[in-house]
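Quick look at data_15.csv (CSV, C-alpha atoms (C1' of nucleotides)):
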chain,number,residue,atom,x,y,z
A,60,MET,CA,-216.8,13.5,-36.2
A,61,LEU,CA,-215.1,10.2,-35.9
A,62,SER,CA,-213.9,8.9,-39.3
A,63,LYS,CA,-215.1,5.6,-40.6
A,64,LYS,CA,-211.5,4.6,-40.6
A,65,THR,CA,-211.2,4.9,-36.9
A,66,LYS,CA,-214.6,3.4,-36.3
A,67,TYR,CA,-213.9,0.4,-38.4
A,68,GLY,CA,-210.4,0.1,-37.0
A,69,LEU,CA,-211.8,-0.1,-33.4
A,70,LYS,CA,-214.4,-2.5,-34.4
A,71,ALA,CA,-211.9,-4.7,-36.1
A,72,LEU,CA,-209.6,-4.6,-33.1
A,73,THR,CA,-212.4,-5.6,-30.7
A,74,PHE,CA,-213.4,-8.4,-33.1
A,75,ILE,CA,-210.0,-9.8,-33.1
A,76,ALA,CA,-209.6,-9.4,-29.3
A,77,ARG,CA,-212.9,-11.2,-28.7
A,78,LYS,CA,-211.5,-14.4,-30.2
A,79,THR,CA,-210.1,-16.2,-27.3
A,80,ASP,CA,-207.9,-18.6,-29.3
A,81,ASN,CA,-205.0,-16.6,-30.6
A,82,LYS,CA,-205.5,-17.8,-34.2
A,83,PRO,CA,-205.1,-15.2,-37.0
A,84,VAL,CA,-208.4,-13.7,-38.2
A,85,PRO,CA,-208.7,-13.1,-41.9
A,86,ILE,CA,-209.8,-9.7,-43.2
A,87,ALA,CA,-212.8,-11.2,-45.0
A,88,MET,CA,-214.2,-12.6,-41.8
A,89,ILE,CA,-214.0,-9.3,-40.0
A,90,ALA,CA,-215.4,-7.4,-43.0
A,91,LYS,CA,-218.4,-9.7,-43.3
A,92,ASN,CA,-219.3,-9.8,-39.6
A,93,GLU,CA,-218.9,-6.1,-39.1
A,94,ASN,CA,-220.4,-5.0,-42.4
A,95,ILE,CA,-217.3,-3.2,-43.6
A,96,SER,CA,-216.0,-2.9,-47.1
A,97,GLN,CA,-213.2,-5.4,-47.3
A,98,LYS,CA,-210.9,-3.4,-49.4
A,99,PHE,CA,-211.2,-0.4,-47.1
A,100,LEU,CA,-210.7,-2.6,-44.1
A,101,GLU,CA,-207.5,-3.9,-45.7
A,102,SER,CA,-205.8,-0.6,-45.7
A,103,ILE,CA,-206.9,0.1,-42.1
A,104,LEU,CA,-205.5,-3.2,-40.8
A,105,LEU,CA,-202.3,-2.5,-42.7
A,106,THR,CA,-201.7,0.8,-40.8
A,107,LEU,CA,-202.7,-1.0,-37.6
A,108,ARG,CA,-200.0,-3.6,-38.3
A,109,LYS,CA,-197.4,-1.0,-39.3
A,110,SER,CA,-198.0,0.8,-36.0
A,111,GLY,CA,-197.3,-2.3,-34.0
A,112,PHE,CA,-200.8,-3.2,-32.8
A,113,LEU,CA,-201.3,-6.2,-35.1
A,114,GLY,CA,-199.2,-9.0,-36.5
A,115,SER,CA,-200.2,-10.8,-39.7
A,116,LYS,CA,-199.7,-14.1,-41.4
A,117,LYS,CA,-200.1,-14.8,-45.0
A,118,GLY,CA,-201.7,-17.7,-46.8
A,119,LYS,CA,-204.1,-20.3,-45.7
A,120,GLY,CA,-204.9,-20.1,-42.0
A,121,GLY,CA,-203.5,-16.6,-42.0
A,122,GLY,CA,-204.9,-13.3,-41.0
A,123,TYR,CA,-204.4,-10.7,-38.3
A,124,TYR,CA,-203.7,-11.2,-34.6
A,125,LEU,CA,-203.0,-9.0,-31.6
A,126,LEU,CA,-199.4,-8.4,-30.7
A,127,LYS,CA,-200.2,-7.3,-27.1
A,128,ASP,CA,-202.7,-8.0,-24.4
A,129,PRO,CA,-205.9,-6.0,-24.9
A,130,LYS,CA,-205.3,-4.6,-21.5
A,131,ASP,CA,-202.1,-3.0,-22.8
A,132,ILE,CA,-203.6,-1.4,-25.9
A,133,LYS,CA,-204.6,2.1,-24.7
A,134,MET,CA,-207.3,3.9,-26.5
A,135,SER,CA,-205.2,7.1,-26.7
A,136,SER,CA,-202.6,5.4,-28.8
A,137,VAL,CA,-205.1,3.8,-31.1
A,138,MET,CA,-206.9,7.0,-31.6
A,139,ARG,CA,-203.8,8.9,-32.4
A,140,ILE,CA,-202.8,6.4,-35.1
A,141,LEU,CA,-206.2,6.2,-36.7
A,142,GLU,CA,-207.8,9.5,-36.1
A,143,GLY,CA,-204.8,11.8,-35.6
A,144,PRO,CA,-204.5,14.3,-32.8
A,145,ILE,CA,-206.9,14.0,-29.8
A,146,ALA,CA,-206.9,17.8,-29.4
A,147,MET,CA,-209.4,19.8,-31.4
A,148,VAL,CA,-206.9,22.5,-32.3
A,149,SER,CA,-203.3,21.8,-33.1
A,150,CYS,CA,-202.1,24.6,-30.7
A,151,VAL,CA,-203.3,22.5,-27.7
A,152,SER,CA,-202.0,19.2,-29.0
A,153,LEU,CA,-199.4,17.4,-27.0
A,154,ASN,CA,-198.2,15.1,-29.7
A,155,PHE,CA,-199.0,17.1,-32.8
A,156,TYR,CA,-198.4,20.7,-31.7
A,157,GLU,CA,-198.4,23.4,-34.2
A,158,LYS,CA,-198.8,27.1,-33.8
A,159,CYS,CA,-202.0,28.8,-35.1
A,160,ASP,CA,-201.1,31.3,-37.8
A,161,ASP,CA,-203.9,33.7,-36.9
A,162,CYS,CA,-203.1,33.7,-33.2
A,163,PRO,CA,-200.3,36.0,-32.0
A,164,ASP,CA,-200.6,35.0,-28.4
A,165,GLU,CA,-202.0,31.7,-27.2
A,166,ASN,CA,-202.5,32.8,-23.7
A,167,ALA,CA,-204.7,35.7,-24.9
A,168,CYS,CA,-206.8,33.4,-27.1
A,169,SER,CA,-210.3,32.8,-25.8
A,170,VAL,CA,-210.6,29.5,-27.6
A,171,TYR,CA,-207.3,28.2,-26.3
A,172,LYS,CA,-208.4,27.6,-22.7
A,173,LEU,CA,-211.6,26.0,-23.6
A,174,MET,CA,-209.9,23.6,-25.9
A,175,ILE,CA,-207.3,22.7,-23.3
A,176,GLU,CA,-210.1,21.7,-21.0
A,177,ILE,CA,-211.7,19.6,-23.7
A,178,ARG,CA,-208.5,17.9,-24.5
A,179,ASP,CA,-207.7,17.1,-20.9
A,180,SER,CA,-211.1,15.5,-20.3
A,181,ASN,CA,-210.9,13.4,-23.5
A,182,LEU,CA,-207.3,12.4,-22.8
A,183,LYS,CA,-208.3,11.3,-19.4
A,184,ILE,CA,-210.9,8.9,-20.9
A,185,TYR,CA,-208.7,7.6,-23.7
A,186,ASN,CA,-205.7,7.1,-21.4
A,187,ASN,CA,-207.8,5.1,-18.9
A,188,LYS,CA,-209.5,3.0,-21.5
A,189,SER,CA,-207.9,0.0,-23.2
A,190,LEU,CA,-209.1,-2.4,-25.8
A,191,SER,CA,-210.1,-4.8,-23.1
A,192,ASP,CA,-212.7,-2.3,-22.0
A,193,LEU,CA,-214.4,-2.4,-25.5
A,194,ILE,CA,-214.9,-6.1,-25.4
B,211,MET,CA,-210.5,18.9,-35.4
B,212,LEU,CA,-212.2,22.2,-34.8
B,213,SER,CA,-213.2,23.9,-38.0
B,214,LYS,CA,-211.9,27.4,-38.7
B,215,LYS,CA,-215.5,28.5,-38.9
B,216,THR,CA,-216.1,27.6,-35.3
B,217,LYS,CA,-212.8,29.0,-34.2
B,218,TYR,CA,-213.4,32.3,-35.9
B,219,GLY,CA,-217.0,32.3,-34.7
B,220,LEU,CA,-215.9,32.0,-31.1
B,221,LYS,CA,-213.2,34.6,-31.5
B,222,ALA,CA,-215.7,37.0,-33.0
B,223,LEU,CA,-218.2,36.4,-30.3
B,224,THR,CA,-215.7,37.1,-27.6
B,225,PHE,CA,-214.5,40.1,-29.4
B,226,ILE,CA,-218.0,41.6,-29.5
B,227,ALA,CA,-218.6,40.5,-25.9
B,228,ARG,CA,-215.5,42.3,-24.7
B,229,LYS,CA,-216.8,45.7,-25.8
B,230,THR,CA,-218.6,47.1,-22.8
B,231,ASP,CA,-220.6,49.7,-24.7
B,232,ASN,CA,-223.3,47.9,-26.6
B,233,LYS,CA,-222.5,49.6,-29.9
B,234,PRO,CA,-222.6,47.5,-33.1
B,235,VAL,CA,-219.2,46.1,-34.1
B,236,PRO,CA,-218.4,46.1,-37.8
B,237,ILE,CA,-217.1,43.0,-39.5
B,238,ALA,CA,-214.1,44.7,-40.8
B,239,MET,CA,-213.0,45.6,-37.3
B,240,ILE,CA,-213.2,42.1,-36.0
B,241,ALA,CA,-211.6,40.7,-39.1
B,242,LYS,CA,-208.6,43.0,-38.7
B,243,ASN,CA,-208.1,42.5,-35.0
B,244,GLU,CA,-208.4,38.8,-35.1
B,245,ASN,CA,-206.6,38.1,-38.4
B,246,ILE,CA,-209.6,36.6,-40.1
B,247,SER,CA,-210.5,36.8,-43.8
B,248,GLN,CA,-213.3,39.3,-43.8
B,249,LYS,CA,-215.4,37.6,-46.5
B,250,PHE,CA,-215.2,34.4,-44.6
B,251,LEU,CA,-216.1,36.0,-41.4
B,252,GLU,CA,-219.1,37.6,-43.1
B,253,SER,CA,-220.8,34.3,-43.7
B,254,ILE,CA,-220.0,33.1,-40.1
B,255,LEU,CA,-221.6,36.1,-38.5
B,256,LEU,CA,-224.5,35.7,-40.8
B,257,THR,CA,-225.3,32.2,-39.5
B,258,LEU,CA,-224.7,33.4,-36.0
B,259,ARG,CA,-227.3,36.1,-36.5
B,260,LYS,CA,-229.8,33.7,-38.1
B,261,SER,CA,-229.4,31.4,-35.1
B,262,GLY,CA,-230.4,34.2,-32.8
B,263,PHE,CA,-227.1,35.0,-31.1
B,264,LEU,CA,-226.4,38.2,-32.8
B,265,GLY,CA,-228.3,41.2,-34.0
B,266,SER,CA,-227.1,43.4,-36.8
B,267,LYS,CA,-227.5,46.9,-38.0
B,268,LYS,CA,-226.8,48.0,-41.5
B,269,GLY,CA,-225.3,51.2,-42.8
B,270,LYS,CA,-223.0,53.6,-41.2
B,271,GLY,CA,-222.4,53.0,-37.5
B,272,GLY,CA,-223.8,49.5,-38.0
B,273,GLY,CA,-222.4,46.1,-37.3
B,274,TYR,CA,-223.1,43.2,-35.0
B,275,TYR,CA,-224.1,43.1,-31.4
B,276,LEU,CA,-225.0,40.5,-28.8
B,277,LEU,CA,-228.7,39.8,-28.3
B,278,LYS,CA,-228.2,38.2,-24.9
B,279,ASP,CA,-226.0,38.5,-21.9
B,280,PRO,CA,-222.7,36.6,-22.4
B,281,LYS,CA,-223.6,34.6,-19.3
B,282,ASP,CA,-226.6,33.3,-21.1
B,283,ILE,CA,-224.8,32.1,-24.3
B,284,LYS,CA,-223.9,28.5,-23.6
B,285,MET,CA,-221.0,27.0,-25.4
B,286,SER,CA,-223.0,23.9,-26.2
B,287,SER,CA,-225.5,25.9,-28.3
B,288,VAL,CA,-222.8,27.8,-30.1
B,289,MET,CA,-220.9,24.7,-30.8
B,290,ARG,CA,-223.9,23.0,-32.2
B,291,ILE,CA,-224.6,25.8,-34.6
B,292,LEU,CA,-221.1,26.3,-35.8
B,293,GLU,CA,-219.5,22.9,-35.6
B,294,GLY,CA,-222.5,20.7,-35.7
B,295,PRO,CA,-223.1,17.7,-33.4
B,296,ILE,CA,-221.0,17.6,-30.2
B,297,ALA,CA,-221.0,13.8,-30.4
B,298,MET,CA,-218.3,12.1,-32.5
B,299,VAL,CA,-220.7,9.6,-34.0
B,300,SER,CA,-224.2,10.4,-35.0
B,301,CYS,CA,-225.6,7.3,-33.3
B,302,VAL,CA,-224.7,8.8,-29.9
B,303,SER,CA,-225.8,12.4,-30.7
B,304,LEU,CA,-228.7,13.8,-28.7
B,305,ASN,CA,-229.6,16.6,-31.1
B,306,PHE,CA,-228.5,15.1,-34.4
B,307,TYR,CA,-229.2,11.4,-33.9
B,308,GLU,CA,-228.9,9.1,-36.9
B,309,LYS,CA,-228.6,5.3,-37.0
B,310,CYS,CA,-225.3,3.8,-38.2
B,311,ASP,CA,-225.8,1.8,-41.3
B,312,ASP,CA,-223.2,-0.7,-40.5
B,313,CYS,CA,-224.4,-1.3,-36.9
B,314,PRO,CA,-227.2,-3.8,-36.4
B,315,ASP,CA,-227.3,-3.3,-32.6
B,316,GLU,CA,-226.1,-0.2,-30.9
B,317,ASN,CA,-225.9,-1.8,-27.5
B,318,ALA,CA,-223.6,-4.5,-28.9
B,319,CYS,CA,-221.3,-2.0,-30.5
B,320,SER,CA,-218.0,-1.6,-28.9
B,321,VAL,CA,-217.4,1.9,-30.1
B,322,TYR,CA,-220.8,3.1,-28.9
B,323,LYS,CA,-220.1,3.1,-25.2
B,324,LEU,CA,-216.8,4.8,-25.6
B,325,MET,CA,-218.3,7.5,-27.6
B,326,ILE,CA,-221.1,8.0,-25.1
B,327,GLU,CA,-218.6,8.6,-22.5
B,328,ILE,CA,-216.7,11.1,-24.6
B,329,ARG,CA,-219.9,12.9,-25.5
B,330,ASP,CA,-221.0,13.2,-21.9
B,331,SER,CA,-217.7,14.6,-20.7
B,332,ASN,CA,-217.6,17.1,-23.5
B,333,LEU,CA,-221.2,18.1,-23.0
B,334,LYS,CA,-220.6,18.7,-19.4
B,335,ILE,CA,-217.9,21.2,-20.2
B,336,TYR,CA,-219.8,22.9,-23.0
B,337,ASN,CA,-223.0,23.1,-20.9
B,338,ASN,CA,-221.2,24.7,-18.0
B,339,LYS,CA,-219.3,27.2,-20.0
B,340,SER,CA,-220.8,30.4,-21.4
B,341,LEU,CA,-219.4,33.1,-23.6
B,342,SER,CA,-218.6,35.1,-20.4
B,343,ASP,CA,-216.1,32.4,-19.5
B,344,LEU,CA,-214.2,33.1,-22.7
B,345,ILE,CA,-213.7,36.7,-22.0
C,202,DA,C1',-225.8,61.9,-53.4
C,203,DC,C1',-222.3,59.6,-51.0
C,204,DT,C1',-220.5,56.4,-48.1
C,205,DA,C1',-220.4,52.6,-44.8
C,206,DA,C1',-222.0,48.7,-43.7
C,207,DT,C1',-224.7,44.2,-43.9
C,208,DC,C1',-226.8,40.8,-47.0
C,209,DC,C1',-227.1,37.4,-50.6
C,210,DT,C1',-225.9,34.1,-54.2
C,211,DA,C1',-222.7,31.8,-56.6
C,212,DT,C1',-218.4,29.8,-57.4
C,213,DC,C1',-213.8,27.7,-56.9
C,214,DG,C1',-209.5,25.0,-55.8
C,215,DG,C1',-207.7,21.9,-52.8
C,216,DA,C1',-207.8,18.5,-49.5
C,217,DA,C1',-209.6,14.7,-47.3
C,218,DT,C1',-212.8,10.6,-47.2
C,219,DA,C1',-214.4,6.4,-48.5
C,220,DG,C1',-214.1,3.2,-51.5
C,221,DT,C1',-212.6,0.3,-55.8
C,222,DA,C1',-209.5,-2.5,-59.1
C,223,DG,C1',-206.1,-5.3,-60.2
C,224,DA,C1',-201.8,-7.4,-59.8
C,225,DT,C1',-198.3,-9.5,-56.6
C,226,DT,C1',-196.3,-12.1,-53.0
C,227,DA,C1',-196.2,-15.4,-49.3
C,228,DT,C1',-198.0,-19.6,-47.0
C,229,DT,C1',-200.4,-23.9,-46.6
C,230,DG,C1',-202.6,-28.3,-47.7
C,231,DT,C1',-202.9,-32.0,-51.2
D,299,DA,C1',-195.4,-29.3,-58.0
D,300,DC,C1',-199.8,-27.1,-57.7
D,301,DA,C1',-203.8,-24.9,-56.3
D,302,DA,C1',-206.1,-22.4,-53.0
D,303,DT,C1',-205.8,-18.9,-49.5
D,304,DA,C1',-204.9,-14.6,-47.8
D,305,DA,C1',-202.0,-10.5,-47.0
D,306,DT,C1',-199.6,-6.8,-49.7
D,307,DC,C1',-198.9,-3.1,-52.9
D,308,DT,C1',-200.0,0.5,-56.2
D,309,DA,C1',-203.0,3.2,-58.3
D,310,DC,C1',-207.1,5.3,-59.3
D,311,DT,C1',-212.0,7.4,-58.7
D,312,DA,C1',-216.0,9.6,-56.9
D,313,DT,C1',-217.8,12.4,-53.6
D,314,DT,C1',-217.9,15.7,-50.1
D,315,DC,C1',-216.3,19.4,-47.2
D,316,DC,C1',-213.5,23.4,-46.2
D,317,DG,C1',-211.9,27.8,-46.5
D,318,DA,C1',-212.0,31.4,-49.2
D,319,DT,C1',-213.4,34.7,-52.9
D,320,DA,C1',-216.3,37.7,-56.2
D,321,DG,C1',-219.7,40.7,-57.2
D,322,DG,C1',-223.5,42.8,-56.5
D,323,DA,C1',-227.9,44.2,-53.8
D,324,DT,C1',-229.7,46.4,-49.9
D,325,DT,C1',-230.0,49.5,-46.0
D,326,DA,C1',-228.8,53.4,-43.2
D,327,DG,C1',-226.5,57.6,-41.7
D,328,DT,C1',-224.4,62.3,-43.0

Please express what this file holds, its structure, as structure tokens.
Amino acid sequence: MLSKKTKYGLKALTFIARKTDNKPVPIAMIAKNENISQKFLESILLTLRKSGFLGSKKGKGGGYYLLKDPKDIKMSSVMRILEGPIAMVSCVSLNFYEKCDDCPDENACSVYKLMIEIRDSNLKIYNNKSLSDLI
Amino acid sequence: MLSKKTKYGLKALTFIARKTDNKPVPIAMIAKNENISQKFLESILLTLRKSGFLGSKKGKGGGYYLLKDPKDIKMSSVMRILEGPIAMVSCVSLNFYEKCDDCPDENACSVYKLMIEIRDSNLKIYNNKSLSDLI
DNA sequence: ACTAATCCTATCGGAATAGTAGATTATTGT
DNA sequence: ACAATAATCTACTATTCCGATAGGATTAGT
């Protein structure tokens, strides 16, 4: 299941991206329009900023703005930051690989191949979708 | 992330399916061979039985056995029982639909379409894979 | 009777989620 | 200078879920 963190994060990003003028968008505005708890959204936008997707400006007229063109913000990178690994098991994860402790041999594991297939198909979608596609 | 419940469940099912003789397989045997906590596995096999995938026999010489041909056990149905909805958000789930409380209009939701696409691609895989493919 | 096995109910610690509170810092307009 | 605005930071809380465990009850074979 997609965490609310990710869901809200994606919604916030598209909200910002929709604004054609490149003026900073305050948290409160996003929270109100998208029905998100403002305080919760704060922390999400913070991680989004720290990961290089967003810039911020304090004070009056401040807020968050995109650092890149929506076309250049791939879903795969956003998902990895907000949701974590795209793979469903860490032993098939490209960016977060970790060996399963119950599995002596990955190639003999029946779940392994299935999960590889799932990962590949999801990755294909996330890699070919950018923020501009969500607008 | 795939829960251990699902992972263990799938491993157990394939373990049972691999045995060509149709004799009941005791929990302890599966647990030992697949490095799974026996008590935990107990509860998993129980739900698998209650969902109609497995039959059981008590007492000496007892254990679990498949009720259907591995070819007829679709991954989608197993996943739904063990892991829950295949969709990543309930508002795009076919079998577990639930409206999002923050979303006034699904068709206007930017996340919605993306998640539909993910669901479809995963569903396609799970529907076309059966237990026999895991062996 | 004894043993091997499933079945059932209850519980538990830890981690993760989702959200809250309050104080602080930086910027802008007046 | 000052007040308003808005991000930032730290800390805390409530709830839920996960993985696992405990102990007994039940059933079946020898």

Sorted by chain and rising residue number, list the residues of chain A at most 9 Å from chain B (counting only C-alpha atoms), each with its closest atom pair and distance in Å to one decimal, as JSON lines.
{"residue": "A:Met60", "atom": "CA", "partner": "B:Met298", "partner_atom": "CA", "distance": 4.2}
{"residue": "A:Leu61", "atom": "CA", "partner": "B:Met298", "partner_atom": "CA", "distance": 5.0}
{"residue": "A:Ser62", "atom": "CA", "partner": "B:Val299", "partner_atom": "CA", "distance": 8.6}
{"residue": "A:Lys66", "atom": "CA", "partner": "B:Val321", "partner_atom": "CA", "distance": 7.0}
{"residue": "A:Leu69", "atom": "CA", "partner": "B:Val321", "partner_atom": "CA", "distance": 6.8}
{"residue": "A:Lys70", "atom": "CA", "partner": "B:Ser320", "partner_atom": "CA", "distance": 6.6}
{"residue": "A:Thr73", "atom": "CA", "partner": "B:Ser320", "partner_atom": "CA", "distance": 7.1}
{"residue": "A:Glu93", "atom": "CA", "partner": "B:Asp312", "partner_atom": "CA", "distance": 7.0}
{"residue": "A:Asn94", "atom": "CA", "partner": "B:Asp312", "partner_atom": "CA", "distance": 5.5}
{"residue": "A:Ile95", "atom": "CA", "partner": "B:Asp312", "partner_atom": "CA", "distance": 7.1}
{"residue": "A:Pro144", "atom": "CA", "partner": "B:Met211", "partner_atom": "CA", "distance": 8.0}
{"residue": "A:Ile145", "atom": "CA", "partner": "B:Met211", "partner_atom": "CA", "distance": 8.3}
{"residue": "A:Ala146", "atom": "CA", "partner": "B:Met211", "partner_atom": "CA", "distance": 7.1}
{"residue": "A:Met147", "atom": "CA", "partner": "B:Met211", "partner_atom": "CA", "distance": 4.2}
{"residue": "A:Val148", "atom": "CA", "partner": "B:Leu212", "partner_atom": "CA", "distance": 5.9}
{"residue": "A:Ser149", "atom": "CA", "partner": "B:Met211", "partner_atom": "CA", "distance": 8.1}
{"residue": "A:Asp160", "atom": "CA", "partner": "B:Asn245", "partner_atom": "CA", "distance": 8.8}
{"residue": "A:Asp161", "atom": "CA", "partner": "B:Asn245", "partner_atom": "CA", "distance": 5.4}
{"residue": "A:Cys162", "atom": "CA", "partner": "B:Glu244", "partner_atom": "CA", "distance": 7.6}
{"residue": "A:Cys168", "atom": "CA", "partner": "B:Lys221", "partner_atom": "CA", "distance": 7.9}
{"residue": "A:Ser169", "atom": "CA", "partner": "B:Leu344", "partner_atom": "CA", "distance": 5.0}
{"residue": "A:Val170", "atom": "CA", "partner": "B:Leu220", "partner_atom": "CA", "distance": 6.8}
{"residue": "A:Lys172", "atom": "CA", "partner": "B:Leu344", "partner_atom": "CA", "distance": 8.0}
{"residue": "A:Leu173", "atom": "CA", "partner": "B:Leu344", "partner_atom": "CA", "distance": 7.6}
{"residue": "A:Glu176", "atom": "CA", "partner": "B:Ile335", "partner_atom": "CA", "distance": 7.9}
{"residue": "A:Ile177", "atom": "CA", "partner": "B:Asn332", "partner_atom": "CA", "distance": 6.4}
{"residue": "A:Ser180", "atom": "CA", "partner": "B:Ser331", "partner_atom": "CA", "distance": 6.7}
{"residue": "A:Asn181", "atom": "CA", "partner": "B:Ile328", "partner_atom": "CA", "distance": 6.3}
{"residue": "A:Ile184", "atom": "CA", "partner": "B:Ile328", "partner_atom": "CA", "distance": 7.2}
{"residue": "A:Tyr185", "atom": "CA", "partner": "B:Ile328", "partner_atom": "CA", "distance": 8.8}
{"residue": "A:Lys188", "atom": "CA", "partner": "B:Leu324", "partner_atom": "CA", "distance": 8.6}
{"residue": "A:Asp192", "atom": "CA", "partner": "B:Ser320", "partner_atom": "CA", "distance": 8.7}
{"residue": "A:Leu193", "atom": "CA", "partner": "B:Ser320", "partner_atom": "CA", "distance": 5.0}
{"residue": "A:Ile194", "atom": "CA", "partner": "B:Ser320", "partner_atom": "CA", "distance": 6.5}

Checklist entry - Mind pulling up the distance from CA of Asn232 in chain B to CA of Leu276 in chain B? => result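 One can read the CA of Leu276 in chain B to CA of Asn232 in chain B distance as 7.9 Å.
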
With only C-alpha atoms (C1' of nucleotides) counted and 9 Å as the cut-off, give the residues of chain C in contact with chain A, each with its shortest interatomic distance in Å and the pair that gives it, as CSV.
residue,atom,partner,partner_atom,distance
C:DT218,C1',A:Ser62,CA,8.2
C:DA219,C1',A:Phe99,CA,7.6
C:DG220,C1',A:Phe99,CA,6.4
C:DT221,C1',A:Lys98,CA,7.6
C:DA227,C1',A:Lys117,CA,5.8
C:DT228,C1',A:Gly118,CA,4.2
C:DT229,C1',A:Lys119,CA,5.2
C:DG230,C1',A:Lys119,CA,8.4

Next on the checklist: Could you list, as a PyMOL selection string, every residue within 12 Å of DT225 in chain C, counting all atoms listed in the file and ignoring same-chain residues fewer than 5 positions away?
Outcome noted: chain D and resi 305-308

Store the residues picked out above, limited to C-alpha atoms (C1' of nucleotides), as a JSON list (two decimals), in the frame of the given file.
[["chain", "number", "residue", "atom", "x", "y", "z"],
["D", 305, "DA", "C1'", -202.00, -10.50, -47.00],
["D", 306, "DT", "C1'", -199.60, -6.80, -49.70],
["D", 307, "DC", "C1'", -198.90, -3.10, -52.90],
["D", 308, "DT", "C1'", -200.00, 0.50, -56.20]]

Checklist entry - Distance CA of Val84 in chain A-CA of Tyr123 in chain A, one decimal place? => result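 For CA of Val84 in chain A relative to CA of Tyr123 in chain A, the distance reads 5.0 Å.
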
Next on the checklist: Quick one: residues within 9 Å of DA320 in chain D, all atoms listed in the file, excluding same-chain residues fewer than 2 positions away - as a PyMOL selection string?
Outcome noted: (chain C and resi 211-212) or (chain D and resi 322)

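When CA of Ser136 in chain A is paired with CA of Arg77 in chain A, their separation reads 19.5 Å.
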
Checklist entry - Pick the closest to chain D from A:Arg139, A:Arg108, A:Lys133, A:Lys127: which is it, counting all atoms listed in the file? => result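 Once distances to chain D are computed over all atoms listed in the file, the minimum belongs to A:Arg108.
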
Next on the checklist: Using only C-alpha atoms (C1' of nucleotides), which protein or nucleic acid residues come within 9 Å of Leu258 in chain B? Drop anything in the same chain fewer than 4 positions from it, and give the result as a ChimeraX atom specification.
Outcome noted: /B:219,253-254,262-265,288,291-292

Next on the checklist: Just want the 9 Å neighbourhood of Asp128 in chain A, counted on only C-alpha atoms (C1' of nucleotides), with same-chain residues fewer than 4 positions away dropped. Output as a PyMOL selection string.
Outcome noted: chain A and resi 76+132+190-191

So which residues touch DG214 in chain C within 12 Å, counting all atoms listed in the file, skipping near sequence neighbours fewer than 3 positions away, as a PDB file with C-alpha atoms (C1' of nucleotides), keeping the file's coordinate frame?
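Wrote it out as part_23.pdb, contents follow:
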ATOM      1  C1'  DC D 316    -213.500  23.400 -46.200  1.00  0.00           C
ATOM      2  C1'  DG D 317    -211.900  27.800 -46.500  1.00  0.00           C
ATOM      3  C1'  DA D 318    -212.000  31.400 -49.200  1.00  0.00           C
ATOM      4  C1'  DT D 319    -213.400  34.700 -52.900  1.00  0.00           C
TER       5       DT D 319
END

Could I get the residues of chain D with an atom no further than 8 Å from an atom of chain A, each paired with its nearest atom pair and that distance in Å to one decimal, using only C-alpha atoms (C1' of nucleotides), sorted by chain and residue number, as JSON lines?
{"residue": "D:DA302", "atom": "C1'", "partner": "A:Lys119", "partner_atom": "CA", "distance": 7.9}
{"residue": "D:DT303", "atom": "C1'", "partner": "A:Lys119", "partner_atom": "CA", "distance": 4.4}
{"residue": "D:DA304", "atom": "C1'", "partner": "A:Gly118", "partner_atom": "CA", "distance": 4.6}
{"residue": "D:DA305", "atom": "C1'", "partner": "A:Lys117", "partner_atom": "CA", "distance": 5.1}
